[in-house]
file input05.pdb (PDB, C-alpha atoms)
ATOM      1  CA  MET A   1       0.000   0.000   0.000
ATOM      2  CA  ARG A   2       1.093   3.500  -0.755
ATOM      3  CA  PRO A   3       2.183   5.582   2.254
ATOM      4  CA  LEU A   4       0.073   8.554   3.296
ATOM      5  CA  ARG A   5       1.143  11.536   1.170
ATOM      6  CA  ARG A   6       0.527  14.243   3.786
ATOM      7  CA  GLN A   7       2.367  12.815   6.769
ATOM      8  CA  ASP A   8       1.924  16.148   8.559
ATOM      9  CA  ARG A   9      -1.838  15.509   8.669
ATOM     10  CA  MET A  10      -1.688  11.849   9.660
ATOM     11  CA  LEU A  11      -3.710  10.737  12.662
ATOM     12  CA  SER A  12      -2.134   8.278  15.065
ATOM     13  CA  THR A  13      -3.729   4.838  15.203
ATOM     14  CA  PRO A  14      -5.433   5.612  18.552
ATOM     15  CA  GLU A  15      -6.823   8.881  17.093
ATOM     16  CA  ALA A  16      -8.068   7.056  13.989
ATOM     17  CA  LEU A  17      -9.747   4.377  16.113
ATOM     18  CA  GLU A  18     -11.347   7.069  18.280
ATOM     19  CA  LEU A  19     -12.863   8.702  15.178
ATOM     20  CA  LEU A  20     -14.011   5.297  13.923
ATOM     21  CA  GLU A  21     -15.710   4.538  17.227
ATOM     22  CA  ALA A  22     -17.397   7.960  17.415
ATOM     23  CA  GLY A  23     -18.635   8.066  13.808
ATOM     24  CA  GLU A  24     -22.348   8.017  13.073
ATOM     25  CA  TYR A  25     -22.150   6.341   9.681
ATOM     26  CA  GLY A  26     -19.536   5.157   7.217
ATOM     27  CA  ILE A  27     -19.259   4.285   3.558
ATOM     28  CA  VAL A  28     -18.491   0.644   2.815
ATOM     29  CA  SER A  29     -16.960   0.241  -0.634
ATOM     30  CA  SER A  30     -16.678  -2.968  -2.599
ATOM     31  CA  VAL A  31     -16.164  -4.114  -6.176
ATOM     32  CA  ASP A  32     -18.430  -6.388  -8.202
ATOM     33  CA  ALA A  33     -17.428  -9.307 -10.433
ATOM     34  CA  ALA A  34     -17.071  -6.961 -13.433
ATOM     35  CA  GLY A  35     -14.757  -4.608 -11.510
ATOM     36  CA  GLN A  36     -17.388  -1.909 -10.979
ATOM     37  CA  PRO A  37     -16.891  -0.079  -7.651
ATOM     38  CA  TYR A  38     -19.833   0.455  -5.316
ATOM     39  CA  GLY A  39     -20.015   2.467  -2.100
ATOM     40  CA  VAL A  40     -22.976   2.643   0.248
ATOM     41  CA  PRO A  41     -23.506   4.467   3.560
ATOM     42  CA  VAL A  42     -24.267   2.294   6.577
ATOM     43  CA  ASN A  43     -24.799   2.700  10.308
ATOM     44  CA  TYR A  44     -22.175   0.663  12.110
ATOM     45  CA  VAL A  45     -20.632  -0.204  15.437
ATOM     46  CA  LEU A  46     -17.051  -0.958  16.391
ATOM     47  CA  HIS A  47     -17.571  -4.331  18.061
ATOM     48  CA  ARG A  48     -14.941  -6.830  19.170
ATOM     49  CA  GLY A  49     -12.287  -5.055  17.117
ATOM     50  CA  CYS A  50     -14.310  -5.148  13.883
ATOM     51  CA  ILE A  51     -16.777  -2.877  12.105
ATOM     52  CA  ASP A  52     -20.223  -4.502  12.218
ATOM     53  CA  PHE A  53     -23.366  -3.396  10.376
ATOM     54  CA  HIS A  54     -26.738  -4.851   9.487
ATOM     55  CA  SER A  55     -28.030  -5.388   5.975
ATOM     56  CA  ALA A  56     -30.897  -6.708   3.947
ATOM     57  CA  THR A  57     -30.515 -10.347   2.992
ATOM     58  CA  GLU A  58     -29.783  -9.582  -0.661
ATOM     59  CA  GLY A  59     -28.805  -6.719  -2.912
ATOM     60  CA  HIS A  60     -25.896  -5.124  -4.735
ATOM     61  CA  LYS A  61     -23.536  -4.890  -1.754
ATOM     62  CA  VAL A  62     -24.343  -8.419  -0.607
ATOM     63  CA  ASP A  63     -23.585  -9.731  -4.105
ATOM     64  CA  ASN A  64     -20.258  -7.877  -4.034
ATOM     65  CA  PHE A  65     -19.371  -9.246  -0.592
ATOM     66  CA  GLU A  66     -20.031 -12.774  -1.833
ATOM     67  CA  THR A  67     -17.927 -12.190  -4.979
ATOM     68  CA  ARG A  68     -14.904 -10.444  -3.460
ATOM     69  CA  GLY A  69     -13.957 -10.339   0.196
ATOM     70  CA  ALA A  70     -11.905  -7.128   0.249
ATOM     71  CA  VAL A  71     -13.590  -3.836   1.195
ATOM     72  CA  SER A  72     -12.730  -0.357   2.375
ATOM     73  CA  PHE A  73     -14.656   1.682   4.906
ATOM     74  CA  CYS A  74     -14.542   5.472   5.209
ATOM     75  CA  VAL A  75     -15.730   7.703   8.045
ATOM     76  CA  VAL A  76     -15.711  11.500   7.921
ATOM     77  CA  GLY A  77     -15.853  13.284  11.251
ATOM     78  CA  GLU A  78     -16.247  17.004  11.778
ATOM     79  CA  THR A  79     -15.750  19.300   8.797
ATOM     80  CA  GLU A  80     -15.782  23.032   8.293
ATOM     81  CA  VAL A  81     -15.307  24.868   5.008
ATOM     82  CA  LEU A  82     -12.907  27.811   5.414
ATOM     83  CA  PRO A  83     -13.686  29.916   2.330
ATOM     84  CA  GLU A  84     -11.288  32.718   3.222
ATOM     85  CA  LYS A  85      -8.426  30.185   3.253
ATOM     86  CA  LEU A  86      -9.724  28.166   0.278
ATOM     87  CA  THR A  87      -9.560  24.976   2.319
ATOM     88  CA  THR A  88     -11.575  22.743   4.628
ATOM     89  CA  ARG A  89     -10.937  21.680   8.188
ATOM     90  CA  TYR A  90     -11.665  17.942   8.350
ATOM     91  CA  GLU A  91     -10.974  14.591   9.942
ATOM     92  CA  SER A  92     -11.418  11.238   8.237
ATOM     93  CA  ILE A  93     -10.309   7.636   8.339
ATOM     94  CA  ILE A  94     -10.178   4.776   5.885
ATOM     95  CA  VAL A  95     -10.118   1.122   6.903
ATOM     96  CA  PHE A  96      -8.957  -1.641   4.591
ATOM     97  CA  GLY A  97     -10.164  -5.108   5.489
ATOM     98  CA  SER A  98     -12.003  -8.291   4.701
ATOM     99  CA  ILE A  99     -15.741  -8.811   4.977
ATOM    100  CA  SER A 100     -17.376 -11.771   6.687
ATOM    101  CA  GLU A 101     -20.846 -12.542   7.970
ATOM    102  CA  ARG A 102     -21.770 -12.801  11.640
ATOM    103  CA  ILE A 103     -24.220 -15.604  12.321
ATOM    104  CA  GLY A 104     -25.981 -17.084  15.343
ATOM    105  CA  THR A 105     -25.014 -15.596  18.692
ATOM    106  CA  GLY A 106     -22.423 -13.313  17.067
ATOM    107  CA  LYS A 107     -25.116 -11.805  14.845
ATOM    108  CA  ASN A 108     -27.393 -11.082  17.813
ATOM    109  CA  GLU A 109     -24.530  -9.607  19.841
ATOM    110  CA  SER A 110     -23.663  -7.258  16.958
ATOM    111  CA  LEU A 111     -27.286  -6.190  16.586
ATOM    112  CA  ALA A 112     -27.467  -5.542  20.347
ATOM    113  CA  ALA A 113     -24.272  -3.452  20.099
ATOM    114  CA  LEU A 114     -25.907  -1.401  17.303
ATOM    115  CA  VAL A 115     -28.965  -0.808  19.499
ATOM    116  CA  THR A 116     -26.721   0.256  22.388
ATOM    117  CA  LYS A 117     -24.867   2.729  20.134
ATOM    118  CA  TYR A 118     -27.851   4.279  18.352
ATOM    119  CA  ALA A 119     -30.756   3.808  20.791
ATOM    120  CA  PRO A 120     -29.331   3.272  24.290
ATOM    121  CA  GLN A 121     -32.596   4.310  25.977
ATOM    122  CA  HIS A 122     -34.518   1.691  23.985
ATOM    123  CA  THR A 123     -32.588  -1.536  24.545
ATOM    124  CA  GLU A 124     -35.710  -3.458  25.545
ATOM    125  CA  VAL A 125     -37.511  -2.515  22.318
ATOM    126  CA  GLY A 126     -34.276  -3.197  20.437
ATOM    127  CA  GLN A 127     -34.007  -6.696  21.873
ATOM    128  CA  LYS A 128     -37.558  -7.472  20.755
ATOM    129  CA  ALA A 129     -36.713  -6.198  17.266
ATOM    130  CA  ILE A 130     -33.602  -8.393  17.187
ATOM    131  CA  GLU A 131     -35.679 -11.439  18.141
ATOM    132  CA  SER A 132     -38.240 -10.694  15.436
ATOM    133  CA  THR A 133     -35.785 -10.049  12.571
ATOM    134  CA  GLY A 134     -34.631 -13.646  12.292
ATOM    135  CA  ASP A 135     -33.705 -14.443   8.718
ATOM    136  CA  ASN A 136     -34.751 -10.998   7.414
ATOM    137  CA  THR A 137     -31.488  -9.333   8.470
ATOM    138  CA  ARG A 138     -27.856 -10.171   7.888
ATOM    139  CA  VAL A 139     -24.911  -8.784   9.824
ATOM    140  CA  PHE A 140     -21.549  -8.229   8.192
ATOM    141  CA  SER A 141     -18.232  -7.604   9.863
ATOM    142  CA  ILE A 142     -15.150  -5.869   8.476
ATOM    143  CA  SER A 143     -11.769  -6.857   9.875
ATOM    144  CA  ILE A 144      -9.476  -3.887  10.423
ATOM    145  CA  ASP A 145      -6.411  -5.000   8.495
ATOM    146  CA  ARG A 146      -5.164  -1.425   8.075
ATOM    147  CA  ILE A 147      -6.457   1.961   9.213
ATOM    148  CA  THR A 148      -5.268   5.359   8.101
ATOM    149  CA  GLY A 149      -6.498   8.768   9.170
ATOM    150  CA  LYS A 150      -5.931  12.385   8.232
ATOM    151  CA  ALA A 151      -7.011  15.679   9.686
ATOM    152  CA  LEU A 152      -6.571  19.376   9.092
ATOM    153  CA  LYS A 153      -7.465  20.983  12.391
TER     154      LYS A 153
END
call {"tool": "encode", "arguments": {"input": "input05.pdb", "output": "structure tokens"}}
result
Amino acid sequence: MRPLRRQDRMLSTPEALELLEAGEYGIVSSVDAAGQPYGVPVNYVLHRGCIDFHSATEGHKVDNFETRGAVSFCVVGETEVLPEKLTTRYESIIVFGSISERIGTGKNESLAALVTKYAPQHTEVGQKAIESTGDNTRVFSISIDRITGKALK
């Protein structure tokens, strides 16, 4: 992999992981069998050292995951356009990893972690939703093989 061009803007690994954990949504990018790239925003949770998110049981991204196992995942934190300086203050990370599916207990634990992140006051309702989703929801997990981050503060 190519080294980060702007080393002066590089986030440390702990800073990058902090942004990943705090992010509200990320873009998971994959490639289909014909080499066509595809990126889609997803809600996610950093769970057991991986990025977990729920999905429909089928669709474009699911097809891509089943065709090729490599993905990237991007999170953008706070931004602010600075027109007078012709630049933008930003923070972002990119993860490179492999995709796998969580099943059984692991799937339910990931869904519970999503509920805790996005609806902590509604865990009881969330648990009932998890129990009722059954085969209508899949959960995918991205290993964090490499993480890079940049910021202009």
call {"tool": "resolve_selection", "arguments": {"input": "input05.pdb", "expression": "the PyMOL selection byres ((chain A and resi 36) around 12)", "output": "ChimeraX atom specification"}}
result
/A:29-35,37-39,60-61,64,67-68
call {"tool": "closest_residue", "arguments": {"input": "input05.pdb", "among": "A:Val45, A:Val28, A:Leu4, A:Val40", "to": "Lys117 (chain A)", "atoms": "all atoms listed in the file"}}
result
A:Val45
call {"tool": "closest_residue", "arguments": {"input": "input05.pdb", "among": "A:Arg2, A:Phe140, A:Pro83, A:Thr13", "to": "Glu66 (chain A)", "atoms": "only C-alpha atoms"}}
result
A:Phe140
call {"tool": "axis_aligned_box", "arguments": {"input": "input05.pdb", "around": "region 118-136 of chain A", "padding_each_side": "8 Å", "output": "AutoDock Vina command-line options"}}
result
--center_x -33.0 --center_y -5.1 --center_z 16.7 --size_x 26.4 --size_y 34.8 --size_z 34.6
call {"tool": "closest_residue", "arguments": {"input": "input05.pdb", "among": "A:Val42, A:Val76, A:Ala16, A:Ile99", "to": "Leu114 (chain A)", "atoms": "only C-alpha atoms"}}
result
A:Val42
call {"tool": "residues_around", "arguments": {"input": "input05.pdb", "residues": "Asp145 (chain A)", "least_positions_apart": "4", "cutoff": "10 Å", "atoms": "only C-alpha atoms", "output": "PyMOL selection string"}}
result
chain A and resi 50+72+95-98
call {"tool": "closest_residue", "arguments": {"input": "input05.pdb", "among": "A:Glu80, A:Glu24, A:Glu91, A:Glu131", "to": "Ala151 (chain A)", "atoms": "all atoms listed in the file"}}
result
A:Glu91
call {"tool": "closest_residue", "arguments": {"input": "input05.pdb", "among": "A:Asp63, A:Glu84, A:Glu109, A:Glu124", "to": "His47 (chain A)", "atoms": "all atoms listed in the file"}}
result
A:Glu109
call {"tool": "resolve_selection", "arguments": {"input": "input05.pdb", "expression": "the PyMOL selection byres ((chain A and resi 93) around 7)", "output": "PyMOL selection string"}}
result
chain A and resi 16+74-76+92+94-95+147-150
call {"tool": "atom_distance", "arguments": {"input": "input05.pdb", "atom1": "CA of Phe73 (chain A)", "atom2": "CA of Ser12 (chain A)"}}
result
17.4 Å
call {"tool": "atom_distance", "arguments": {"input": "input05.pdb", "atom1": "CA of Tyr25 (chain A)", "atom2": "CA of Arg146 (chain A)"}}
result
18.7 Å
call {"tool": "resolve_selection", "arguments": {"input": "input05.pdb", "expression": "the PyMOL selection byres ((chain A and resi 49) around 12)", "output": "compact mmCIF listing (two decimals) with C-alpha atoms, in the coordinates of the input"}}
result
# COMPACT_ATOMS: atom_id res chain seq x y z
CA LEU A 17 -9.75 4.38 16.11
CA LEU A 20 -14.01 5.30 13.92
CA GLU A 21 -15.71 4.54 17.23
CA VAL A 45 -20.63 -0.20 15.44
CA LEU A 46 -17.05 -0.96 16.39
CA HIS A 47 -17.57 -4.33 18.06
CA ARG A 48 -14.94 -6.83 19.17
CA CYS A 50 -14.31 -5.15 13.88
CA ILE A 51 -16.78 -2.88 12.10
CA ASP A 52 -20.22 -4.50 12.22
CA GLY A 97 -10.16 -5.11 5.49
CA SER A 110 -23.66 -7.26 16.96
CA SER A 141 -18.23 -7.60 9.86
CA ILE A 142 -15.15 -5.87 8.48
CA SER A 143 -11.77 -6.86 9.88
CA ILE A 144 -9.48 -3.89 10.42
CA ASP A 145 -6.41 -5.00 8.49
call {"tool": "closest_residue", "arguments": {"input": "input05.pdb", "among": "A:Ile27, A:Ala113, A:Gly106, A:Ser132", "to": "Val71 (chain A)", "atoms": "only C-alpha atoms"}}
result
A:Ile27
call {"tool": "atom_distance", "arguments": {"input": "input05.pdb", "atom1": "CA of Ile103 (chain A)", "atom2": "CA of Val139 (chain A)"}}
result
7.3 Å
call {"tool": "residues_near_point", "arguments": {"input": "input05.pdb", "point": "(-34.8, -8.5, 2.0)", "cutoff": "10 Å", "atoms": "all atoms listed in the file", "output": "VMD selection string"}}
result
chain A and resid 55 to 59 135 to 138
